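File shown: entry.cif. Contents: mmCIF, C-alpha atoms.
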```
data_structure
loop_
_atom_site.label_atom_id
_atom_site.label_comp_id
_atom_site.auth_asym_id
_atom_site.auth_seq_id
_atom_site.Cartn_x
_atom_site.Cartn_y
_atom_site.Cartn_z
CA MET H 1 0.00 0.00 0.00
CA LEU H 2 2.82 2.36 0.91
CA ARG H 3 4.70 1.53 -2.28
CA LYS H 4 1.58 2.14 -4.34
CA ARG H 5 0.95 5.52 -2.73
CA SER H 6 4.61 6.54 -3.17
CA ALA H 7 4.52 5.52 -6.82
CA THR H 8 1.33 7.55 -7.31
CA LEU H 9 2.92 10.63 -5.75
CA LEU H 10 6.07 10.25 -7.84
CA SER H 11 4.04 9.83 -11.00
CA ARG H 12 2.07 12.98 -10.23
CA ARG H 13 5.25 14.88 -9.47
CA TRP H 14 6.90 13.63 -12.65
CA SER H 15 3.88 14.43 -14.78
CA SER H 16 3.68 17.95 -13.37
CA THR H 17 7.38 18.58 -13.92
CA SER H 18 7.54 16.91 -17.33
CA ALA H 19 4.56 18.93 -18.47
CA ALA H 20 6.44 22.11 -17.83
CA PRO H 21 10.17 21.35 -17.50
CA ALA H 22 11.09 24.75 -18.86
CA GLY H 23 8.98 26.50 -16.23
CA TRP H 24 10.53 24.41 -13.45
CA LEU H 25 14.05 25.21 -14.60
CA THR H 26 13.17 28.86 -15.03
CA SER H 27 11.80 29.08 -11.49
CA TRP H 28 14.94 27.50 -10.04
CA SER H 29 17.16 29.78 -12.10
CA THR H 30 15.22 32.81 -10.89
CA GLU H 31 15.50 31.64 -7.29
CA VAL H 32 19.25 31.15 -7.57
CA GLN H 33 19.63 34.62 -9.07
CA ASN H 34 17.60 36.05 -6.21
CA TRP H 35 19.89 34.29 -3.72
CA ILE H 36 22.97 35.75 -5.38
CA SER H 37 21.55 39.27 -5.59
CA MET H 38 20.46 39.04 -1.96
CA GLU H 39 23.95 37.97 -0.94
CA LEU H 40 25.47 40.87 -2.83
CA GLU H 41 23.06 43.39 -1.31
CA LYS H 42 23.69 42.05 2.20
CA GLY H 43 27.40 42.70 2.07
CA GLY H 44 28.85 39.89 0.03
CA GLN H 45 31.08 42.15 -2.04
CA VAL H 46 34.68 42.78 -1.11
CA HIS H 47 34.96 45.83 1.11
CA GLU H 48 37.79 48.25 1.35
CA ARG H 49 40.71 46.99 3.37
CA PRO H 50 43.41 49.61 4.04
CA SER H 51 46.85 48.13 3.64
CA GLY H 52 49.19 48.11 6.59
CA VAL H 53 46.42 48.50 9.17
CA CYS H 54 46.16 46.02 12.01
CA PRO H 55 42.73 44.37 12.27
CA SER H 56 42.64 44.97 16.02
CA HIS H 57 42.93 48.71 15.53
CA ALA H 58 40.64 49.45 12.62
CA PRO H 59 37.27 47.92 11.64
CA HIS H 60 38.14 47.64 7.97
CA CYS H 61 36.28 44.52 6.91
CA ARG H 62 32.76 45.09 8.02
CA SER H 63 29.64 44.38 6.05
CA PRO H 64 27.73 47.66 6.44
CA GLY H 65 24.08 47.32 7.09
CA ARG H 66 24.07 43.57 7.38
CA PRO H 67 21.93 42.47 10.31
CA ASN H 68 23.46 40.29 12.98
CA GLN H 69 21.07 37.48 12.11
CA ALA H 70 18.79 36.70 9.21
CA PRO H 71 15.03 36.67 9.77
CA ASN H 72 13.60 33.47 11.17
CA ALA H 73 11.97 32.64 7.84
CA ARG H 74 15.40 32.45 6.18
CA VAL H 75 17.05 30.67 9.10
CA LEU H 76 14.41 27.91 9.06
CA ASP H 77 14.27 27.70 5.27
CA PRO H 78 14.72 24.06 4.21
CA LYS H 79 16.72 25.28 1.21
CA ARG H 80 19.23 27.17 3.36
CA HIS H 81 22.03 24.62 2.86
CA ILE H 82 21.65 24.72 -0.92
CA ARG H 83 21.42 28.51 -0.84
CA HIS H 84 24.57 28.81 1.24
CA PHE H 85 26.44 26.42 -1.07
CA VAL H 86 25.30 28.18 -4.26
CA THR H 87 26.32 31.60 -2.90
CA TRP H 88 29.65 30.27 -1.59
CA GLY H 89 31.73 32.43 -3.91
CA TYR H 90 29.65 35.54 -3.19
CA SER H 91 30.08 35.29 0.56
CA ALA H 92 31.79 38.25 2.21
CA ALA H 93 33.95 35.95 4.35
CA THR H 94 35.07 33.96 1.31
CA GLN H 95 35.89 37.03 -0.75
CA ARG H 96 37.86 38.59 2.07
CA ILE H 97 40.24 35.61 2.25
CA LEU H 98 40.16 34.73 -1.44
CA PHE H 99 43.01 37.03 -2.38
CA PRO H 100 45.82 36.94 -1.55
CA ASP H 101 45.49 34.29 1.18
CA ILE H 102 43.72 31.45 -0.65
CA ALA H 103 45.37 32.38 -3.94
CA LEU H 104 48.83 32.12 -2.39
CA ILE H 105 48.15 28.74 -0.80
CA PHE H 106 46.64 27.36 -4.00
CA SER H 107 49.60 28.59 -6.06
CA SER H 108 52.21 27.12 -3.71
CA SER H 109 50.40 23.79 -3.53
CA ALA H 110 50.00 23.70 -7.33
CA ALA H 111 53.73 24.42 -7.78
CA LEU H 112 54.59 21.63 -5.34
CA CYS H 113 52.24 19.22 -7.11
CA THR H 114 53.78 20.08 -10.51
CA TYR H 115 57.30 19.56 -9.21
CA ASN H 116 56.48 16.23 -7.56
CA CYS H 117 54.86 14.89 -10.72
CA PHE H 118 58.11 15.24 -12.71
CA ALA H 119 60.83 15.01 -10.03
CA GLU H 120 62.60 11.79 -9.17
CA LEU H 121 62.65 12.72 -5.48
CA PRO H 122 59.27 14.32 -4.62
CA LEU H 123 59.02 16.79 -1.76
CA TYR H 124 56.84 15.74 1.14
CA MET H 125 57.08 15.29 4.89
CA PRO H 126 55.45 13.14 7.60
CA PRO H 127 52.26 14.44 9.22
CA GLU H 128 53.70 14.80 12.72
CA PRO H 129 55.13 18.33 12.23
CA ILE H 130 51.63 19.48 11.20
CA VAL H 131 49.48 17.38 13.53
CA LEU H 132 51.33 18.29 16.73
CA PRO H 133 51.03 22.10 16.45
CA SER H 134 47.50 21.84 15.04
CA VAL H 135 46.15 21.38 18.58
CA ALA H 136 47.75 24.64 19.70
CA LEU H 137 46.56 26.37 16.53
CA GLY H 138 42.99 25.16 17.06
CA LEU H 139 43.01 26.41 20.66
CA LEU H 140 44.47 29.74 19.55
CA VAL H 141 41.87 30.34 16.84
CA THR H 142 39.04 29.14 19.09
CA PHE H 143 40.12 31.37 21.96
CA ARG H 144 40.27 34.37 19.66
CA THR H 145 36.84 33.63 18.21
CA ASN H 146 35.30 33.13 21.65
CA THR H 147 36.82 36.39 22.88
CA THR H 148 35.40 38.38 19.99
CA VAL H 149 31.99 36.72 20.32
CA SER H 150 31.89 37.68 24.01
CA ARG H 151 32.59 41.30 23.01
CA TYR H 152 29.81 41.07 20.43
CA ASN H 153 27.34 39.67 22.96
CA GLU H 154 28.20 42.32 25.54
CA ALA H 155 27.75 45.08 22.98
CA ARG H 156 24.33 43.74 22.02
CA CYS H 157 23.26 43.54 25.68
CA LEU H 158 24.37 47.13 26.24
CA TRP H 159 22.31 48.36 23.32
CA GLY H 160 19.37 46.39 24.65
CA GLU H 161 19.79 48.32 27.90
CA ILE H 162 19.89 51.57 25.95
CA VAL H 163 16.67 50.67 24.11
CA ASN H 164 14.80 49.84 27.33
CA THR H 165 16.08 52.92 29.16
CA SER H 166 15.11 55.19 26.27
CA ARG H 167 11.57 53.86 26.39
CA ASP H 168 11.39 54.39 30.15
CA ILE H 169 12.65 57.97 29.91
CA THR H 170 10.14 58.83 27.20
CA ARG H 171 7.26 57.23 29.08
CA ILE H 172 8.06 58.94 32.39
CA ALA H 173 8.69 62.34 30.78
CA LEU H 174 5.38 62.34 28.91
CA GLN H 175 3.44 61.44 32.06
CA TRP H 176 5.29 63.30 34.80
CA LEU H 177 6.53 66.58 33.35
CA PRO H 178 3.19 68.06 32.13
CA GLN H 179 0.91 68.76 35.09
CA SER H 180 -2.24 68.79 32.98
CA LYS H 181 -3.47 69.03 29.41
CA ASP H 182 -3.13 72.82 29.53
CA ASP H 183 0.45 72.87 30.85
CA LYS H 184 2.33 74.17 27.81
CA PHE H 185 5.65 74.54 29.60
CA GLY H 186 5.55 70.97 30.91
CA LYS H 187 4.64 69.64 27.49
CA ALA H 188 7.48 71.60 25.90
CA GLN H 189 9.99 70.13 28.35
CA ALA H 190 8.61 66.62 27.79
CA ALA H 191 8.92 67.10 24.02
CA LYS H 192 12.52 68.20 24.48
CA VAL H 193 13.30 65.09 26.53
CA CYS H 194 11.82 62.94 23.76
CA ARG H 195 13.88 64.75 21.10
CA MET H 196 17.08 64.33 23.06
CA THR H 197 16.34 60.67 23.74
CA LYS H 198 16.14 59.96 20.02
CA ALA H 199 19.16 62.14 19.33
CA PHE H 200 21.22 60.33 21.98
CA ASN H 201 20.94 56.99 20.21
CA ILE H 202 21.80 58.49 16.82
CA VAL H 203 24.86 60.42 18.01
CA LEU H 204 26.01 57.40 20.03
CA LYS H 205 25.83 55.30 16.86
CA TYR H 206 28.09 57.80 15.09
CA HIS H 207 30.29 58.02 18.19
CA LEU H 208 31.00 54.26 18.14
CA THR H 209 31.52 53.86 14.38
CA ILE H 210 33.67 55.59 11.79
CA ASP H 211 31.06 56.19 9.09
CA GLY H 212 27.83 56.14 11.10
CA GLY H 213 26.86 52.54 10.31
CA ASN H 214 24.11 53.44 7.83
CA PRO H 215 23.57 50.84 5.07
CA ASP H 216 22.37 53.30 2.42
CA ASP H 217 24.74 56.25 2.84
CA ARG H 218 28.18 54.69 3.18
CA VAL H 219 31.23 56.92 3.02
CA SER H 220 34.56 55.51 1.90
CA ARG H 221 36.91 55.21 4.85
CA THR H 222 39.86 56.23 2.70
CA ASP H 223 38.17 59.49 1.69
CA PRO H 224 40.25 62.45 2.95
CA GLU H 225 37.00 64.36 3.61
CA LEU H 226 35.55 61.56 5.74
CA PRO H 227 34.96 63.62 8.96
CA SER H 228 33.12 66.42 7.16
CA LYS H 229 30.99 64.01 5.13
CA VAL H 230 30.10 61.96 8.19
CA LYS H 231 29.12 65.16 10.01
CA GLU H 232 26.81 66.09 7.15
CA GLU H 233 25.26 62.63 7.27
CA LEU H 234 24.71 63.10 11.00
CA ARG H 235 23.12 66.50 10.42
CA LYS H 236 20.83 65.00 7.79
CA GLU H 237 19.75 62.12 10.03
CA LEU H 238 19.15 64.33 13.07
CA SER H 239 17.09 66.74 10.94
CA MET H 240 14.93 63.90 9.63
CA VAL H 241 14.37 62.10 12.96
CA CYS H 242 14.80 64.53 15.87
CA PHE H 243 15.03 68.25 15.08
CA SER H 244 13.00 70.48 12.80
CA PRO H 245 15.25 73.07 11.09
CA SER H 246 12.21 75.35 10.58
CA ASP H 247 11.85 75.76 14.35
CA PRO H 248 14.42 78.31 15.65
CA VAL H 249 14.74 76.57 19.01
CA GLN H 250 15.29 73.13 17.51
CA ALA H 251 17.62 74.52 14.84
CA ARG H 252 19.75 76.01 17.62
CA GLU H 253 19.72 72.69 19.46
CA LEU H 254 20.88 70.93 16.29
CA GLU H 255 23.83 73.29 15.84
CA ASP H 256 24.80 73.01 19.51
CA CYS H 257 24.69 69.23 19.26
CA LEU H 258 26.89 69.13 16.17
CA SER H 259 29.42 71.54 17.70
CA SER H 260 29.69 69.65 20.99
CA SER H 261 32.94 67.82 21.76
CA HIS H 262 31.04 64.81 23.18
CA ARG H 263 27.61 64.66 21.59
CA PRO H 264 26.12 61.75 23.58
CA LEU H 265 26.96 63.47 26.89
CA TRP H 266 25.51 66.73 25.54
CA THR H 267 22.17 65.08 24.78
CA ILE H 268 22.05 63.50 28.25
CA GLN H 269 22.71 66.91 29.81
CA GLN H 270 19.92 68.43 27.77
CA MET H 271 17.57 65.70 28.99
CA CYS H 272 18.55 66.55 32.57
CA ASN H 273 17.98 70.28 32.00
CA ALA H 274 14.53 69.76 30.49
CA SER H 275 13.39 67.25 33.10
CA HIS H 276 14.62 69.35 36.02
CA ALA H 277 12.95 72.47 34.60
CA GLY H 278 9.65 70.67 34.29
CA ILE H 279 9.94 69.16 37.76
CA TRP H 280 10.76 72.48 39.45
CA ALA H 281 7.83 74.17 37.71
CA ARG H 282 5.62 71.37 38.90
CA CYS H 283 6.71 71.42 42.53
CA GLY H 284 6.44 75.17 43.11
CA ASP H 285 7.63 76.15 46.58
CA ARG H 286 8.29 72.55 47.68
CA PRO H 287 11.94 71.81 46.76
CA ASP H 288 11.78 68.46 48.57
CA ARG H 289 9.33 67.22 45.95
CA ALA H 290 11.63 68.41 43.15
CA ILE H 291 14.53 66.41 44.57
CA ARG H 292 12.34 63.37 45.06
CA ASP H 293 10.87 63.47 41.56
CA GLY H 294 14.20 64.41 39.97
CA GLN H 295 15.85 61.29 41.35
CA LEU H 296 13.34 59.17 39.46
CA LEU H 297 14.58 60.33 36.06
CA GLU H 298 18.16 60.76 37.24
CA ARG H 299 18.49 57.00 37.74
CA HIS H 300 17.54 56.43 34.12
CA PHE H 301 20.01 59.05 32.92
CA GLN H 302 22.71 57.27 34.91
CA ARG H 303 21.75 54.00 33.21
CA LEU H 304 22.21 55.62 29.81
CA CYS H 305 25.55 57.10 30.83
CA GLY H 306 26.74 53.75 32.22
CA ALA H 307 25.77 51.87 29.05
CA MET H 308 27.50 54.51 26.94
CA GLY H 309 30.67 54.20 29.00
CA ALA H 310 30.65 50.41 28.67
CA CYS H 311 30.25 50.73 24.88
CA GLU H 312 33.22 53.12 24.79
CA ARG H 313 35.25 50.63 26.80
CA ILE H 314 34.63 47.91 24.21
CA HIS H 315 35.25 50.29 21.32
CA ARG H 316 38.54 51.60 22.68
CA THR H 317 39.93 48.30 23.98
CA PRO H 318 40.99 46.15 21.01
CA ILE H 319 42.42 42.68 21.29
CA PRO H 320 46.22 42.95 21.75
CA THR H 321 48.05 43.35 18.46
CA ALA H 322 50.66 40.71 19.34
CA PHE H 323 47.92 38.12 19.79
CA THR H 324 46.40 38.95 16.40
CA ARG H 325 49.72 38.88 14.55
CA HIS H 326 50.93 35.66 16.14
CA CYS H 327 47.67 33.92 15.26
CA SER H 328 47.90 35.17 11.67
CA ARG H 329 51.54 34.10 11.22
CA PHE H 330 50.97 30.71 12.81
CA LEU H 331 47.96 30.08 10.59
CA MET H 332 49.71 31.04 7.34
CA VAL H 333 52.75 28.86 8.07
CA TRP H 334 50.51 25.92 8.96
CA CYS H 335 48.35 26.29 5.82
CA ASN H 336 51.34 26.62 3.48
CA ALA H 337 53.00 23.55 5.04
CA MET H 338 49.85 21.45 4.65
CA PRO H 339 50.48 20.51 0.94
CA PHE H 340 53.70 18.69 1.92
CA VAL H 341 51.64 16.40 4.16
CA LEU H 342 48.72 15.99 1.75
CA TRP H 343 50.83 14.97 -1.26
CA PRO H 344 51.45 11.33 -0.20
CA ILE H 345 47.74 10.98 0.64
CA VAL H 346 45.79 12.67 -2.18
CA GLY H 347 48.46 13.08 -4.87
CA THR H 348 47.47 15.41 -7.68
CA ALA H 349 44.41 16.59 -5.74
CA THR H 350 46.70 18.34 -3.26
CA PRO H 351 45.86 21.91 -4.44
CA LEU H 352 42.13 21.33 -3.97
CA ALA H 353 42.54 19.66 -0.58
CA ALA H 354 44.94 22.34 0.66
CA THR H 355 42.61 25.09 -0.54
CA PHE H 356 39.67 23.56 1.29
CA VAL H 357 41.61 23.20 4.55
CA ALA H 358 42.93 26.75 4.26
CA TRP H 359 39.43 28.08 3.54
CA ALA H 360 38.07 26.42 6.69
CA MET H 361 40.83 27.69 8.98
CA LEU H 362 41.22 31.18 7.50
CA GLY H 363 37.46 31.66 7.36
CA THR H 364 37.12 30.87 11.07
CA GLU H 365 39.90 33.32 11.90
CA ASP H 366 38.34 35.95 9.64
CA ILE H 367 35.04 35.67 11.51
CA GLY H 368 36.89 36.49 14.72
CA VAL H 369 38.46 39.53 13.09
CA GLN H 370 35.09 40.85 11.89
CA VAL H 371 33.25 40.36 15.18
CA GLU H 372 36.12 42.00 17.07
CA GLU H 373 34.53 45.38 16.28
CA PRO H 374 30.90 44.61 17.25
CA PHE H 375 29.55 48.10 16.60
CA ASP H 376 30.53 47.79 12.93
CA VAL H 377 28.64 44.49 12.64
CA LEU H 378 25.55 45.11 14.77
CA PRO H 379 22.64 46.78 12.92
CA LEU H 380 22.73 49.93 15.06
CA PHE H 381 20.63 51.82 12.52
CA GLN H 382 17.78 49.36 13.13
CA TYR H 383 18.00 49.89 16.88
CA CYS H 384 17.89 53.66 16.42
CA GLN H 385 14.93 53.38 14.09
CA GLY H 386 13.11 51.21 16.61
CA ILE H 387 13.74 53.69 19.44
CA ALA H 388 12.58 56.61 17.30
CA ALA H 389 9.42 54.74 16.28
CA THR H 390 8.63 53.88 19.91
CA CYS H 391 9.16 57.46 21.08
CA ASP H 392 7.03 58.85 18.25
CA GLY H 393 4.31 56.35 19.07
CA MET H 394 4.19 57.42 22.73
CA VAL H 395 4.19 61.09 21.72
CA LYS H 396 1.25 60.37 19.44
CA ASP H 397 -0.59 58.71 22.32
CA ALA H 398 0.08 61.77 24.47
CA HIS H 399 -1.38 64.05 21.79
CA ASN H 400 -4.46 61.82 21.62
CA ASP H 401 -4.88 62.09 25.42
CA HIS H 402 -4.14 58.40 25.93
CA ILE H 403 -1.68 59.21 28.73
CA THR H 404 -3.19 60.29 32.04
CA LEU H 405 -1.43 63.23 33.69
CA SER H 406 -1.16 63.90 37.41
CA LYS H 407 -3.79 66.60 37.72
CA ASP H 408 -6.19 64.69 35.48
CA LEU H 409 -6.43 61.80 37.94
CA GLU H 410 -9.81 61.67 39.68
CA VAL H 411 -8.54 60.76 43.15
CA GLU H 412 -8.61 62.36 46.59
CA ARG H 413 -5.52 62.79 48.73
CA THR H 414 -5.69 60.80 51.93
CA GLY H 415 -3.34 63.06 53.91
CA PRO H 416 -0.66 65.73 53.78
CA GLN H 417 2.61 65.23 51.96
CA ILE H 418 5.60 64.04 54.01
CA LEU H 419 8.20 66.77 54.52
CA VAL H 420 11.93 66.14 54.32
CA GLU H 421 12.50 67.01 57.99
CA ASP H 422 9.91 64.40 59.03
CA MET H 423 11.65 61.58 57.13
CA GLY H 424 14.13 60.92 59.97
CA ALA H 425 11.40 60.49 62.56
CA LEU H 426 9.38 58.31 60.19
CA GLU H 427 12.38 56.07 59.48
CA ALA H 428 13.16 55.74 63.21
CA SER H 429 9.60 54.71 64.03
CA PHE H 430 9.62 52.22 61.17
CA ASN H 431 12.82 50.62 62.45
CA MET H 432 11.44 50.42 66.01
CA ARG H 433 8.29 48.70 64.75
CA ASN H 434 10.33 46.13 62.79
CA ALA H 435 12.50 45.43 65.85
CA ALA H 436 9.42 44.93 68.00
CA GLN H 437 7.95 42.50 65.50
CA LYS H 438 11.14 40.45 65.48
CA LEU H 439 11.11 40.20 69.29
#
```
When written as structure tokens, how does the structure in this file appear?
Amino acid sequence: MLRKRSATLLSRRWSSTSAAPAGWLTSWSTEVQNWISMELEKGGQVHERPSGVCPSHAPHCRSPGRPNQAPNARVLDPKRHIRHFVTWGYSAATQRILFPDIALIFSSSAALCTYNCFAELPLYMPPEPIVLPSVALGLLVTFRTNTTVSRYNEARCLWGEIVNTSRDITRIALQWLPQSKDDKFGKAQAAKVCRMTKAFNIVLKYHLTIDGGNPDDRVSRTDPELPSKVKEELRKELSMVCFSPSDPVQARELEDCLSSSHRPLWTIQQMCNASHAGIWARCGDRPDRAIRDGQLLERHFQRLCGAMGACERIHRTPIPTAFTRHCSRFLMVWCNAMPFVLWPIVGTATPLAATFVAWAMLGTEDIGVQVEEPFDVLPLFQYCQGIAATCDGMVKDAHNDHITLSKDLEVERTGPQILVEDMGALEASFNMRNAAQKL
């Protein structure tokens, strides 16, 4: 019964494909072309690599705009293995090591193979000189890759903290700074906090990368006018997302931000100024309330500043240069010595076997080099767009009166507010009551 059903299914499949073999081949050809074009758009082309620059000091081999992970639909695609194999030559990692690394190893192994085919005494050696140091080489490459992945993971966690804190600051500012629907000053200060929150993430993205990390507007890193062009890109992005050049106040804020020596710190300070102004206007002649309410937002500003400092620590602390160079030298010597061991085993197929082994080892090491600069690999522009969209959504809710302000609450106070001088007596009585309960 099972054989009969399988034969029926195969016959149906064959009849459908034989009826339109040209259409089936055309669809597969179109799909393969889409895979290749997608690989090229996602960063598969060779990127600029300044000569004489140590990988641990300059993020020269990034794939701009490429997300850290493909969407789940592509990850779970049953054709992913075929797609990855078809686009092998278009991969960014393959193209980065293709020349001169792989080309040199293939040429040396081909020269050795040619000589051994015609020489009376072929050149080869026993596998022990390669097998024994291969353990140390594997540990060295693995340790480097693990170290860079840990930096990548920490950078992603820090930006997750920045995203959550930005949402909290926007939410609290929109609900706490305006006293009521008619409080224009409070609403203006809340709007300023929202603007600076979005600006902080954008200027921090430019602060941690060389060219801003935008996938569409990439500036060549060898361009002598790189700083001025990057500044213009920053001005353009801030004008589109945060500041309105037609508003004199916001235009002045934009110029002050661009002229600041440390733009992320400047935006945090502006958030503090706006929030404190709104809180003092709200509290009137009760400074104790201003201090109490100010501490609520101050904790979130400190979280932003701490995450920014941790990102700067990762950005300004590369892996030691000696470690990178030793790993590179060790790997190249090992890969170029491999054909002498492979010749007695595979014979004339030595160039292909040596190329495959070198591709596997050099590709793993290249991944570690790329991930070493996590802010050039992470899609920071997507995080900034998400923060801006969230802030704009909450601002829209505030305009639609979906956020309840303090004076709009229909509640009755149950007693007078606690003064600062009464806090000591209240704390003492609370401690005495806890001690009595324990006894």
*Find the residues near Tyr124 in chain H: any atom within 8 Å, counting only C-alpha atoms, skip ones fewer than 6 places away on the same chain, and give them as a VMD selection string.*
chain H and resid 339 to 341 343 to 344
Based on the selection just made, write C-alpha atoms of those residues as a PDB file, in the frame of the given file.
```pdb
ATOM      1  CA  PRO H 339      50.480  20.510   0.940  1.00  0.00           C
ATOM      2  CA  PHE H 340      53.700  18.690   1.920  1.00  0.00           C
ATOM      3  CA  VAL H 341      51.640  16.400   4.160  1.00  0.00           C
ATOM      4  CA  TRP H 343      50.830  14.970  -1.260  1.00  0.00           C
ATOM      5  CA  PRO H 344      51.450  11.330  -0.200  1.00  0.00           C
TER       6      PRO H 344
END
```
Could the residues of range 144-219 of chain H that have an atom at most 12 Å from range 357-365 of chain H be listed as a tab-separated table, each with its closest atom pair and the distance in Å to one decimal, counting all atoms listed in the file and ordered by chain and ascending residue number?
```
residue	atom	partner	partner_atom	distance
H:Arg144	CA	H:Glu365	CA	7.8
H:Thr145	CA	H:Glu365	CA	7.0
H:Asn146	CA	H:Glu365	CA	10.8
H:Thr147	CA	H:Glu365	CA	11.8
H:Thr148	CA	H:Glu365	CA	10.5
```
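If all atoms listed in the file are the atoms counted, then among H:Gly213, H:Gly393, H:Pro379, H:Pro320 the closest residue to Cys194 in chain H is H:Gly393.
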*Report the residues retrieved by the PyMOL selection byres ((chain H and resi 385) around 12) from the displayed file, expressed as a list in words.*
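Taken over the shown coordinates, the PyMOL selection byres ((chain H and resi 385) around 12) returns Val163, Lys198, Ala199, Asn201, Ile202, Lys205, Asn214, Glu237, Leu238, Met240, Val241, Cys242, Pro379, Leu380, Phe381, Gln382, Tyr383, Cys384, Gly386, Ile387, Ala388, Ala389, Thr390, Cys391 and Asp392 of chain H.
When you apply the PyMOL selection byres ((chain H and resi 297) around 10) to this structure, what comes back is Asp168, Ile169, Ile172, Ala173, Trp176, Met271, Cys272, Ser275, His276, Arg292, Asp293, Gly294, Gln295, Leu296, Glu298, Arg299, His300, Phe301, Gln302 and Arg303 of chain H.
The interatomic distance for the pair CA of Ser107 in chain H and CA of Gly347 in chain H works out to 15.6 Å.
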*Measuring atom to atom with all atoms listed in the file, identify which of H:Glu372, H:Glu154, H:Asp366, H:Glu225 is nearest to Leu331 in chain H.*
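Among the listed residues, the smallest separation from Leu331 in chain H belongs to H:Asp366.
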Applying the PyMOL selection byres ((chain H and resi 110-112) around 8) to the file I just gave you, which residues come out? Please list them as a compact mmCIF listing (two decimals) with C-alpha atoms, in the coordinates of the input.
```
# COMPACT_ATOMS: atom_id res chain seq x y z
CA PHE H 106 46.64 27.36 -4.00
CA SER H 107 49.60 28.59 -6.06
CA SER H 108 52.21 27.12 -3.71
CA SER H 109 50.40 23.79 -3.53
CA CYS H 113 52.24 19.22 -7.11
CA THR H 114 53.78 20.08 -10.51
CA TYR H 115 57.30 19.56 -9.21
CA ASN H 116 56.48 16.23 -7.56
CA LEU H 123 59.02 16.79 -1.76
CA PRO H 339 50.48 20.51 0.94
CA PHE H 340 53.70 18.69 1.92
CA THR H 350 46.70 18.34 -3.26
CA PRO H 351 45.86 21.91 -4.44
```
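What separates CA of Met196 in chain H from CA of Trp280 in chain H is a distance of 19.4 Å.
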